[in-house]
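What follows is my_file_14.cif (mmCIF, C-alpha atoms).
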```
data_model
loop_
_atom_site.label_atom_id
_atom_site.label_comp_id
_atom_site.auth_asym_id
_atom_site.auth_seq_id
_atom_site.Cartn_x
_atom_site.Cartn_y
_atom_site.Cartn_z
CA MET J 22 79.28 133.38 52.30
CA ASN J 23 78.59 129.78 53.21
CA PHE J 24 79.28 128.95 56.85
CA GLU J 25 77.98 125.40 56.65
CA GLN J 26 80.38 123.10 58.48
CA THR J 27 82.30 120.67 56.30
CA ASP J 28 82.86 117.11 57.45
CA ASN J 29 86.49 117.98 58.13
CA ALA J 30 85.56 121.01 60.24
CA LYS J 31 83.07 118.91 62.21
CA ALA J 32 85.70 116.20 62.75
CA VAL J 33 88.19 118.76 64.08
CA ALA J 34 85.58 120.13 66.48
CA GLN J 35 84.75 116.65 67.77
CA MET J 36 88.40 115.70 68.12
CA ALA J 37 89.20 118.89 70.04
CA LYS J 38 86.12 118.41 72.23
CA ASP J 39 87.03 114.81 73.08
CA PHE J 40 90.62 115.81 73.84
CA ALA J 41 89.52 118.68 76.08
CA GLU J 42 87.18 116.47 78.09
CA LYS J 43 89.78 113.76 78.62
CA GLU J 44 93.09 115.62 78.84
CA ILE J 45 92.15 119.10 80.09
CA ARG J 46 88.96 119.21 82.17
CA PRO J 47 90.23 116.99 85.03
CA TYR J 48 93.18 119.34 85.61
CA VAL J 49 91.74 122.80 84.93
CA MET J 50 91.64 124.08 88.50
CA GLU J 51 94.87 122.33 89.47
CA TRP J 52 96.71 124.21 86.72
CA ASP J 53 94.88 127.43 87.56
CA GLU J 54 95.86 127.26 91.23
CA SER J 55 99.49 126.36 90.55
CA GLN J 56 99.76 128.70 87.52
CA GLU J 57 101.42 125.80 85.76
CA LEU J 58 101.85 125.84 81.99
CA PRO J 59 100.64 122.37 80.92
CA LEU J 60 103.45 121.86 78.43
CA ASP J 61 102.92 118.10 78.16
CA THR J 62 99.28 118.72 77.24
CA LEU J 63 100.27 121.26 74.59
CA LYS J 64 102.67 118.72 73.12
CA LYS J 65 99.85 116.14 72.98
CA MET J 66 97.79 118.73 71.13
CA GLY J 67 100.73 119.11 68.77
CA GLU J 68 100.63 115.39 68.01
CA LEU J 69 96.98 115.80 67.01
CA GLY J 70 97.75 118.72 64.71
CA LEU J 71 96.14 121.37 66.93
CA MET J 72 99.36 123.38 67.32
CA GLY J 73 100.12 123.59 63.60
CA MET J 74 96.66 123.86 62.14
CA LEU J 75 97.44 126.47 59.48
CA VAL J 76 100.86 125.09 58.55
CA PRO J 77 100.93 123.23 55.20
CA GLU J 78 101.56 119.51 55.33
CA GLU J 79 104.88 119.94 53.49
CA TYR J 80 106.20 121.63 56.63
CA GLY J 81 104.74 119.05 59.00
CA GLY J 82 101.50 120.89 59.76
CA ALA J 83 97.84 119.92 59.57
CA GLY J 84 97.27 122.01 56.43
CA MET J 85 93.84 123.21 57.54
CA GLY J 86 91.90 126.41 57.04
CA TYR J 87 90.42 128.99 59.38
CA PHE J 88 87.05 127.26 59.90
CA GLU J 89 88.83 124.23 61.36
CA TYR J 90 91.09 126.53 63.34
CA VAL J 91 88.15 128.44 64.83
CA ASN J 92 86.46 125.16 65.80
CA GLY J 93 89.60 123.86 67.46
CA ILE J 94 90.13 126.93 69.62
CA VAL J 95 86.44 127.19 70.53
CA GLU J 96 86.24 123.58 71.77
CA ILE J 97 89.45 123.84 73.78
CA SER J 98 88.44 127.22 75.26
CA LYS J 99 85.01 125.93 76.29
CA VAL J 100 86.90 123.85 78.83
CA CYS J 101 89.95 126.01 79.60
CA GLY J 102 90.65 129.51 78.34
CA SER J 103 94.31 129.27 79.36
CA VAL J 104 94.99 126.34 77.05
CA GLY J 105 92.95 128.02 74.32
CA LEU J 106 95.08 131.15 74.68
CA SER J 107 98.33 129.19 74.44
CA MET J 108 97.02 127.40 71.36
CA ALA J 109 96.02 130.70 69.75
CA ALA J 110 99.32 132.48 70.48
CA HIS J 111 101.45 129.57 69.29
CA ASN J 112 99.48 129.09 66.04
CA SER J 113 98.55 132.63 65.02
CA LEU J 114 101.52 134.65 66.18
CA CYS J 115 104.91 132.91 66.28
CA THR J 116 104.22 130.04 63.89
CA ASN J 117 102.15 132.06 61.46
CA HIS J 118 104.70 134.88 61.35
CA ILE J 119 107.39 132.45 60.20
CA LEU J 120 104.96 130.82 57.76
CA SER J 121 103.87 134.18 56.34
CA PHE J 122 107.20 136.00 56.11
CA GLY J 123 110.01 133.48 56.51
CA ASN J 124 112.15 132.34 53.60
CA GLU J 125 112.21 128.70 52.53
CA ALA J 126 115.22 127.86 54.70
CA GLN J 127 113.57 129.41 57.78
CA LYS J 128 110.29 127.60 57.13
CA LYS J 129 112.04 124.24 56.79
CA LYS J 130 114.10 124.86 59.91
CA TYR J 131 111.40 126.05 62.30
CA LEU J 132 107.93 125.07 61.11
CA PRO J 133 108.10 121.25 61.45
CA LYS J 134 109.00 121.44 65.14
CA LEU J 135 106.56 124.27 65.85
CA ALA J 136 103.72 122.52 64.01
CA THR J 137 104.04 119.46 66.25
CA CYS J 138 104.82 121.55 69.36
CA GLU J 139 108.15 119.80 69.75
CA HIS J 140 109.13 123.44 70.03
CA LEU J 141 106.84 126.00 71.72
CA GLY J 142 106.62 129.44 70.13
CA ALA J 143 106.38 132.99 71.45
CA TRP J 144 105.83 136.34 69.74
CA ALA J 145 107.31 139.51 71.23
CA LEU J 146 106.01 142.96 70.31
CA THR J 147 104.81 144.67 73.51
CA GLU J 148 107.20 146.55 75.79
CA PRO J 149 106.78 147.98 79.31
CA ASN J 150 106.02 151.51 78.12
CA THR J 151 104.72 150.76 74.63
CA GLY J 152 101.58 148.66 74.81
CA SER J 153 99.25 149.92 72.10
CA ASP J 154 101.90 152.45 71.01
CA ALA J 155 104.28 149.97 69.36
CA MET J 156 105.93 152.65 67.19
CA ARG J 157 107.76 153.96 70.28
CA MET J 158 109.47 150.67 71.09
CA LYS J 159 112.85 150.97 72.76
CA CYS J 160 114.12 147.43 72.25
CA THR J 161 116.78 147.84 69.57
CA ALA J 162 118.98 145.82 67.23
CA LYS J 163 122.30 147.34 66.12
CA LYS J 164 124.22 146.06 63.11
CA GLU J 165 127.75 144.86 63.91
CA GLY J 166 129.48 143.26 60.96
CA ASN J 167 127.33 140.41 59.67
CA ASN J 168 125.41 140.17 62.95
CA TRP J 169 122.81 142.13 64.87
CA VAL J 170 123.00 142.85 68.62
CA ILE J 171 119.61 143.10 70.36
CA ASN J 172 119.08 144.90 73.68
CA GLY J 173 115.89 145.65 75.56
CA THR J 174 112.88 144.11 77.26
CA LYS J 175 109.58 142.79 75.97
CA CYS J 176 106.66 142.18 78.35
CA TRP J 177 103.30 140.39 78.48
CA ILE J 178 104.74 137.68 76.26
CA THR J 179 102.79 134.42 76.15
CA HIS J 180 105.34 131.60 76.66
CA GLY J 181 108.01 134.21 77.38
CA LYS J 182 109.79 131.78 79.70
CA SER J 183 109.09 128.31 78.30
CA SER J 184 109.22 128.92 74.54
CA ASP J 185 111.91 127.39 72.36
CA VAL J 186 111.56 129.90 69.54
CA ILE J 187 110.69 133.61 69.72
CA VAL J 188 109.74 135.97 66.93
CA ALA J 189 110.66 139.45 68.17
CA ILE J 190 109.91 142.78 66.50
CA VAL J 191 112.59 145.31 67.48
CA ARG J 192 113.67 148.76 66.37
CA THR J 193 116.44 148.88 63.77
CA GLY J 194 115.81 152.46 62.58
CA GLU J 195 114.55 155.76 63.90
CA LEU J 196 111.91 156.17 66.60
CA LEU J 197 108.35 156.53 65.19
CA ASP J 198 109.47 155.32 61.75
CA SER J 199 107.03 152.64 60.63
CA HIS J 200 109.83 151.25 58.46
CA GLY J 201 112.30 151.31 61.32
CA MET J 202 111.41 147.93 62.86
CA THR J 203 112.51 144.44 61.92
CA ALA J 204 111.34 140.94 62.87
CA PHE J 205 113.92 138.40 64.04
CA VAL J 206 113.50 134.71 64.85
CA ILE J 207 115.57 133.81 67.91
CA GLU J 208 116.21 130.46 69.56
CA ARG J 209 116.07 129.96 73.33
CA GLY J 210 119.68 128.73 73.51
CA ASN J 211 121.03 132.16 72.57
CA PRO J 212 123.12 133.31 75.59
CA GLY J 213 121.83 136.88 75.27
CA LEU J 214 118.20 135.79 75.67
CA SER J 215 116.61 135.28 79.09
CA ALA J 216 113.22 135.35 80.80
CA GLY J 217 112.29 138.00 83.31
CA LYS J 218 109.32 138.35 85.62
CA LYS J 219 106.46 135.90 85.22
CA GLU J 220 103.16 137.70 85.74
CA ASN J 221 100.77 136.72 88.55
CA LYS J 222 97.45 137.16 86.76
CA LEU J 223 93.75 137.42 87.54
CA GLY J 224 92.83 134.84 84.91
CA MET J 225 94.40 132.71 82.17
CA ARG J 226 96.70 131.59 84.96
CA ALA J 227 97.84 128.39 83.24
CA SER J 228 98.97 130.30 80.15
CA GLU J 229 102.42 131.61 80.96
CA THR J 230 102.97 135.36 80.58
CA ALA J 231 106.49 136.66 81.18
CA GLU J 232 109.09 139.25 80.28
CA VAL J 233 111.66 138.50 77.59
CA ILE J 234 115.03 140.17 78.12
CA PHE J 235 117.66 140.74 75.45
CA ASN J 236 121.14 141.53 76.79
CA ASN J 237 123.64 141.82 73.95
CA CYS J 238 121.75 139.06 72.17
CA ILE J 239 123.71 138.34 69.01
CA VAL J 240 121.82 137.03 65.98
CA SER J 241 122.91 136.61 62.39
CA GLU J 242 121.51 138.27 59.30
CA ASP J 243 119.79 134.95 58.59
CA ALA J 244 117.53 135.54 61.60
CA ILE J 245 115.65 138.36 59.87
CA LEU J 246 112.13 137.46 58.72
CA GLY J 247 111.44 139.14 55.40
CA LYS J 248 113.50 142.28 54.98
CA GLU J 249 115.02 144.82 57.34
CA GLY J 250 112.47 147.52 58.15
CA GLU J 251 109.38 145.42 57.43
CA GLY J 252 108.71 144.32 61.01
CA PHE J 253 105.92 146.74 61.86
CA GLN J 254 103.96 146.07 58.68
CA GLN J 255 104.40 142.33 59.20
CA ALA J 256 103.18 142.60 62.80
CA MET J 257 100.03 144.45 61.76
CA LYS J 258 99.20 141.74 59.21
CA ILE J 259 99.83 138.99 61.75
CA LEU J 260 97.53 140.73 64.23
CA ASP J 261 94.77 140.87 61.61
CA GLY J 262 94.70 137.06 61.55
CA GLY J 263 95.47 136.78 65.24
CA ARG J 264 92.26 138.61 66.04
CA ILE J 265 90.32 135.71 64.57
CA SER J 266 91.98 133.41 67.09
CA ILE J 267 91.18 135.70 70.04
CA ALA J 268 87.62 136.02 68.74
CA SER J 269 87.48 132.21 68.80
CA LEU J 270 88.91 132.21 72.31
CA GLY J 271 86.23 134.62 73.53
CA LEU J 272 83.58 132.63 71.72
CA GLY J 273 84.73 129.41 73.40
CA ILE J 274 84.72 130.98 76.86
CA ALA J 275 81.24 132.39 76.28
CA LYS J 276 79.94 129.04 75.03
CA GLY J 277 81.47 127.22 78.00
CA ALA J 278 79.86 129.63 80.46
CA PHE J 279 76.53 129.47 78.63
CA GLU J 280 76.40 125.66 78.49
CA ALA J 281 77.23 125.45 82.20
CA SER J 282 74.46 127.98 82.91
CA VAL J 283 71.82 126.08 80.94
CA LYS J 284 72.70 122.83 82.69
CA TYR J 285 72.64 124.47 86.12
CA ALA J 286 69.38 126.33 85.46
CA LYS J 287 67.67 123.05 84.60
CA GLU J 288 68.98 121.27 87.72
CA ARG J 289 68.80 124.00 90.38
CA GLU J 290 65.40 124.25 92.05
CA GLN J 291 63.92 127.16 93.95
CA PHE J 292 60.29 127.63 94.99
CA GLY J 293 59.60 124.04 93.98
CA GLN J 294 60.76 124.20 90.37
CA PRO J 295 63.91 124.56 88.22
CA ILE J 296 65.11 128.15 88.05
CA ALA J 297 65.10 127.82 84.23
CA ASN J 298 61.31 128.19 84.47
CA PHE J 299 61.60 131.72 85.81
CA GLN J 300 61.49 134.55 83.31
CA ALA J 301 64.41 136.36 84.94
CA ILE J 302 66.67 133.39 84.20
CA GLY J 303 65.13 132.59 80.81
CA PHE J 304 65.70 136.15 79.60
CA LYS J 305 69.35 136.00 80.68
CA LEU J 306 69.84 132.76 78.77
CA ALA J 307 68.13 134.24 75.70
CA ASP J 308 70.42 137.28 75.75
CA MET J 309 73.48 135.09 76.22
CA ALA J 310 72.52 132.84 73.30
CA LEU J 311 71.84 135.83 71.03
CA GLN J 312 75.21 137.44 71.76
CA ILE J 313 77.04 134.16 71.16
CA GLU J 314 75.24 133.60 67.86
CA ALA J 315 76.10 137.10 66.62
CA GLY J 316 79.73 136.74 67.74
CA GLU J 317 80.03 133.40 65.98
CA LEU J 318 78.73 134.86 62.70
CA LEU J 319 81.23 137.72 62.86
CA THR J 320 84.05 135.26 63.58
CA LEU J 321 83.06 132.94 60.74
CA GLN J 322 82.81 135.90 58.37
CA ALA J 323 86.41 136.87 59.15
CA ALA J 324 87.51 133.23 58.87
CA ASP J 325 85.82 132.87 55.48
CA MET J 326 87.50 136.01 54.16
CA LYS J 327 90.87 134.89 55.50
CA ASN J 328 90.48 131.53 53.76
CA LYS J 329 89.87 133.42 50.52
CA GLY J 330 93.00 135.53 50.96
CA MET J 331 91.03 138.72 51.48
CA LYS J 332 92.00 141.61 53.73
CA VAL J 333 90.40 141.12 57.17
CA THR J 334 91.59 144.18 59.09
CA LYS J 335 88.09 145.51 59.73
CA GLU J 336 86.28 142.17 59.92
CA GLY J 337 88.89 140.67 62.24
CA ALA J 338 88.54 143.70 64.52
CA TYR J 339 84.74 143.38 64.41
CA ALA J 340 84.96 139.76 65.53
CA LYS J 341 87.65 140.26 68.15
CA TYR J 342 86.01 143.32 69.70
CA TYR J 343 82.51 141.90 69.80
CA THR J 344 83.27 138.38 71.01
CA SER J 345 85.65 139.71 73.66
CA GLU J 346 82.93 141.87 75.14
CA VAL J 347 80.43 139.02 74.77
CA ALA J 348 82.73 136.68 76.70
CA VAL J 349 82.78 139.13 79.62
CA SER J 350 79.02 139.75 79.46
CA VAL J 351 78.06 136.08 79.22
CA ALA J 352 80.49 135.04 81.96
CA ASN J 353 79.10 137.78 84.20
CA ASP J 354 75.52 136.58 83.64
CA ALA J 355 76.65 132.99 84.24
CA VAL J 356 77.98 133.89 87.68
CA GLN J 357 74.66 135.62 88.43
CA ILE J 358 72.65 132.55 87.39
CA PHE J 359 74.78 130.36 89.64
CA GLY J 360 74.33 132.83 92.49
CA GLY J 361 76.59 132.24 95.48
CA TYR J 362 77.89 129.03 93.94
CA GLY J 363 79.07 131.01 90.93
CA TYR J 364 81.41 132.92 93.19
CA THR J 365 83.19 129.76 94.34
CA LYS J 366 85.91 127.69 92.73
CA ASP J 367 83.82 124.53 93.08
CA PHE J 368 81.82 125.54 90.00
CA PRO J 369 83.25 126.41 86.57
CA VAL J 370 81.84 129.86 85.90
CA GLU J 371 84.08 131.85 88.26
CA LYS J 372 87.05 130.81 86.12
CA PHE J 373 85.26 131.73 82.89
CA TYR J 374 84.57 135.11 84.53
CA ARG J 375 88.24 135.67 85.37
CA ASP J 376 89.55 134.36 82.05
CA SER J 377 87.14 136.35 79.89
CA LYS J 378 88.60 139.76 80.71
CA LEU J 379 91.89 139.01 78.99
CA CYS J 380 90.06 138.79 75.66
CA THR J 381 89.26 142.52 75.84
CA ILE J 382 92.95 143.34 76.40
CA GLY J 383 95.26 140.89 74.62
CA GLU J 384 96.26 141.38 70.96
CA GLY J 385 94.80 144.87 70.98
CA THR J 386 92.35 146.25 73.53
CA SER J 387 88.69 146.77 72.74
CA GLU J 388 89.47 150.47 72.41
CA ILE J 389 92.17 149.75 69.82
CA GLN J 390 89.73 147.53 67.90
CA LYS J 391 87.31 150.43 67.70
CA LEU J 392 90.13 152.67 66.49
CA VAL J 393 91.04 150.13 63.79
CA ILE J 394 87.39 149.79 62.73
CA ALA J 395 86.89 153.57 62.57
CA ARG J 396 90.00 154.05 60.44
CA GLU J 397 88.94 151.32 58.03
CA LEU J 398 85.42 152.75 57.75
CA LEU J 399 86.72 156.26 57.05
CA LYS J 400 89.07 155.01 54.35
CA GLY J 401 86.05 154.05 52.30
CA ASN J 402 84.31 157.42 52.61
#
```
Just give me the structure as structure tokens.
Amino acid sequence: MNFEQTDNAKAVAQMAKDFAEKEIRPYVMEWDESQELPLDTLKKMGELGLMGMLVPEEYGGAGMGYFEYVNGIVEISKVCGSVGLSMAAHNSLCTNHILSFGNEAQKKKYLPKLATCEHLGAWALTEPNTGSDAMRMKCTAKKEGNNWVINGTKCWITHGKSSDVIVAIVRTGELLDSHGMTAFVIERGNPGLSAGKKENKLGMRASETAEVIFNNCIVSEDAILGKEGEGFQQAMKILDGGRISIASLGLGIAKGAFEASVKYAKEREQFGQPIANFQAIGFKLADMALQIEAGELLTLQAADMKNKGMKVTKEGAYAKYYTSEVAVSVANDAVQIFGGYGYTKDFPVEKFYRDSKLCTIGEGTSEIQKLVIARELLKGN
């Protein structure tokens, strides 16, 4: 495996970094306090290709690979985890599901507007009583003539209120049947589709999380992605790739907290010298750097395999699990290095601390990642 950065990957990183400094950093706490989804900013990112990074150019996307994608999310997340999360969910979940399993007509209809973020995407799998246990979903689609009628509620949906297009996985067969679920692509204008409660969250407050409600939502047969009954298998494959994006998100948050800590440790003086000179602080920085380096290698390994078309179930889970926990650990140490200032909103690390926890929960908890890893390991023995 060669993880050396290509010129294109470096250019994407620099472009994302410059954009984040100019268009995101000045407004981070304003958006966090107001819990405002910065839709205009996401659309600007779409103009730069950051919201359609994996979409081929023939469908209006940037036509890039996973190394560029990782770099883009990392640089955005170093400044604001909320924007990084929205970028990850839009690219890896909704858009990638249509790219991976849609027919040619569906790709031509939806991908050009999603790739430029003219349309914002959402992906709906989780339900109120079926978080990790997706096989027990109660949101159903019933066949009526040439149409399907969807009823039920999805929750914890990124862009559940503001999205223009939603990919929803709902039950079309028997409960607990892995072939009893189907993926539908649904447009916001459908009269049977509405948004429910918007969550008031600890962190990632500028990335909208809301319920999606289906009330006799009528969709045509043409709305099915792939074939009837394939929804669960499709979702598992999408989550394999999605874990790379959440690993990148955690990596970006950790790097942002670490860089802020190094800068502060060099500037802050106690006992007549910078606190960076004290072993207690130096050891924390060393541990933070080591964890970030290991997390980055795991993430790049998964990205490299994904670029090659290889199965990444185990490696994606490795990266997502480890970097998520690293984000929390590094952000926690960052607050400690900042001391009392780290506990205030005048300094950046308290937000990294709040945002980091989502990485251990979203797109499969750390516990689920360990379950996935264990199953994959045991298959080979």
### Task
Just the residues within 8 Å of region 217-226 of chain J, please, counting all atoms listed in the file, with nothing from its chain fewer than 4 positions along; format it as a VMD selection string.
chain J and resid 52 to 54 56 to 57 102 to 103 106 177 182 230 to 234 372 375 to 379
Against region 107-123 of chain J, which residues of region 37-100 of chain J fall within 12 Å? For each one I want the closest pair of atoms and the distance in Å (one decimal), counting all atoms listed in the file, rows by chain and increasing residue number, as JSON lines.
```
{"residue": "J:Ala37", "atom": "CA", "partner": "J:Met108", "partner_atom": "CA", "distance": 11.6}
{"residue": "J:Leu58", "atom": "CA", "partner": "J:Ser107", "partner_atom": "CA", "distance": 9.0}
{"residue": "J:Pro59", "atom": "CA", "partner": "J:Ser107", "partner_atom": "CA", "distance": 9.7}
{"residue": "J:Leu60", "atom": "CA", "partner": "J:Ser107", "partner_atom": "CA", "distance": 9.8}
{"residue": "J:Thr62", "atom": "CA", "partner": "J:Met108", "partner_atom": "CA", "distance": 10.7}
{"residue": "J:Leu63", "atom": "CA", "partner": "J:Met108", "partner_atom": "CA", "distance": 7.7}
{"residue": "J:Lys64", "atom": "CA", "partner": "J:Met108", "partner_atom": "CA", "distance": 10.5}
{"residue": "J:Lys65", "atom": "CA", "partner": "J:Met108", "partner_atom": "CA", "distance": 11.7}
{"residue": "J:Met66", "atom": "CA", "partner": "J:Met108", "partner_atom": "CA", "distance": 8.7}
{"residue": "J:Gly67", "atom": "CA", "partner": "J:Met108", "partner_atom": "CA", "distance": 9.4}
{"residue": "J:Gly70", "atom": "CA", "partner": "J:Asn112", "partner_atom": "CA", "distance": 10.6}
{"residue": "J:Leu71", "atom": "CA", "partner": "J:Met108", "partner_atom": "CA", "distance": 7.5}
{"residue": "J:Met72", "atom": "CA", "partner": "J:Asn112", "partner_atom": "CA", "distance": 5.9}
{"residue": "J:Gly73", "atom": "CA", "partner": "J:Asn112", "partner_atom": "CA", "distance": 6.1}
{"residue": "J:Met74", "atom": "CA", "partner": "J:Asn112", "partner_atom": "CA", "distance": 7.1}
{"residue": "J:Leu75", "atom": "CA", "partner": "J:Asn112", "partner_atom": "CA", "distance": 7.4}
{"residue": "J:Val76", "atom": "CA", "partner": "J:Leu120", "partner_atom": "CA", "distance": 7.1}
{"residue": "J:Pro77", "atom": "CA", "partner": "J:Leu120", "partner_atom": "CA", "distance": 9.0}
{"residue": "J:Glu79", "atom": "CA", "partner": "J:Leu120", "partner_atom": "CA", "distance": 11.7}
{"residue": "J:Tyr80", "atom": "CA", "partner": "J:Leu120", "partner_atom": "CA", "distance": 9.3}
{"residue": "J:Gly81", "atom": "CA", "partner": "J:Leu120", "partner_atom": "CA", "distance": 11.8}
{"residue": "J:Gly82", "atom": "CA", "partner": "J:Thr116", "partner_atom": "CA", "distance": 10.4}
{"residue": "J:Ala83", "atom": "CA", "partner": "J:Asn112", "partner_atom": "CA", "distance": 11.3}
{"residue": "J:Gly84", "atom": "CA", "partner": "J:Leu120", "partner_atom": "CA", "distance": 11.8}
{"residue": "J:Met85", "atom": "CA", "partner": "J:Asn112", "partner_atom": "CA", "distance": 11.8}
{"residue": "J:Tyr87", "atom": "CA", "partner": "J:Ser113", "partner_atom": "CA", "distance": 10.5}
{"residue": "J:Tyr90", "atom": "CA", "partner": "J:Ala109", "partner_atom": "CA", "distance": 9.1}
{"residue": "J:Val91", "atom": "CA", "partner": "J:Ala109", "partner_atom": "CA", "distance": 9.6}
{"residue": "J:Asn92", "atom": "CA", "partner": "J:Ala109", "partner_atom": "CA", "distance": 11.7}
{"residue": "J:Gly93", "atom": "CA", "partner": "J:Met108", "partner_atom": "CA", "distance": 9.1}
{"residue": "J:Ile94", "atom": "CA", "partner": "J:Ala109", "partner_atom": "CA", "distance": 7.0}
{"residue": "J:Val95", "atom": "CA", "partner": "J:Ala109", "partner_atom": "CA", "distance": 10.2}
{"residue": "J:Glu96", "atom": "CA", "partner": "J:Met108", "partner_atom": "CA", "distance": 11.4}
{"residue": "J:Ile97", "atom": "CA", "partner": "J:Met108", "partner_atom": "CA", "distance": 8.7}
{"residue": "J:Ser98", "atom": "CA", "partner": "J:Met108", "partner_atom": "CA", "distance": 9.4}
```
### Two-atom distance - CA of Ala275 (chain J), CA of Gly385 (chain J) (Å)
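These atoms are spaced 19.2 Å apart.
Running the PyMOL selection byres ((chain J and resi 253) around 9) on this file leaves J:Ala155, J:Met156, J:Ile190, J:Val191, J:Ser199, J:His200, J:Gly201, J:Met202, J:Thr203, J:Ala204, J:Gly250, J:Glu251, J:Gly252, J:Gln254, J:Gln255, J:Ala256, J:Met257, J:Lys258 selected.
Of the residues listed (J:Ala244, J:Ala324, J:Leu399, J:Val370), J:Ala244 shows the shortest atom-to-atom separation from Ala126 (chain J); distances use all atoms listed in the file.
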#### Entry: Pick from J:Glu242, J:Ser350, J:Ile313, J:Phe88 nearest to Thr27 (chain J), counting all atoms listed in the file
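Looking at the shortest contact to Thr27 (chain J), the residue is J:Phe88.
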Report the residues retrieved by the PyMOL selection byres ((chain J and resi 390) around 12) from the displayed file, expressed as a tab-separated table (two decimals) with C-alpha atoms, keeping the file's coordinate frame.
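Result file is selection-v3.tsv:
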```
chain	number	residue	atom	x	y	z
J	153	SER	CA	99.25	149.92	72.10
J	260	LEU	CA	97.53	140.73	64.23
J	261	ASP	CA	94.77	140.87	61.61
J	264	ARG	CA	92.26	138.61	66.04
J	268	ALA	CA	87.62	136.02	68.74
J	334	THR	CA	91.59	144.18	59.09
J	335	LYS	CA	88.09	145.51	59.73
J	336	GLU	CA	86.28	142.17	59.92
J	337	GLY	CA	88.89	140.67	62.24
J	338	ALA	CA	88.54	143.70	64.52
J	339	TYR	CA	84.74	143.38	64.41
J	340	ALA	CA	84.96	139.76	65.53
J	341	LYS	CA	87.65	140.26	68.15
J	342	TYR	CA	86.01	143.32	69.70
J	343	TYR	CA	82.51	141.90	69.80
J	344	THR	CA	83.27	138.38	71.01
J	345	SER	CA	85.65	139.71	73.66
J	346	GLU	CA	82.93	141.87	75.14
J	380	CYS	CA	90.06	138.79	75.66
J	381	THR	CA	89.26	142.52	75.84
J	382	ILE	CA	92.95	143.34	76.40
J	383	GLY	CA	95.26	140.89	74.62
J	384	GLU	CA	96.26	141.38	70.96
J	385	GLY	CA	94.80	144.87	70.98
J	386	THR	CA	92.35	146.25	73.53
J	387	SER	CA	88.69	146.77	72.74
J	388	GLU	CA	89.47	150.47	72.41
J	389	ILE	CA	92.17	149.75	69.82
J	391	LYS	CA	87.31	150.43	67.70
J	392	LEU	CA	90.13	152.67	66.49
J	393	VAL	CA	91.04	150.13	63.79
J	394	ILE	CA	87.39	149.79	62.73
J	395	ALA	CA	86.89	153.57	62.57
J	396	ARG	CA	90.00	154.05	60.44
J	397	GLU	CA	88.94	151.32	58.03
```
### Query
Which residues fall under the PyMOL selection byres ((chain J and resi 159) around 9) in this file, as a ChimeraX atom specification?
/J:148,150-151,157-158,160-161,172-174,191-192,196
#### Entry: Top pick for closest residue to Val188 (chain J), considering J:Ile358, J:Ile302, J:Cys238, J:Ala143 and counting all atoms listed in the file
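Looking only at the distances to Val188 (chain J), the closest residue turns out to be J:Ala143.
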### Message
Considering only C-alpha atoms, can you say which of J:Val283, J:Ala297, J:Leu214, J:Ile239 comes closest to Glu165 (chain J)?
### Response
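Checking each of J:Val283, J:Ala297, J:Leu214, J:Ile239 against Glu165 (chain J), counting only C-alpha atoms, the winner is J:Ile239.
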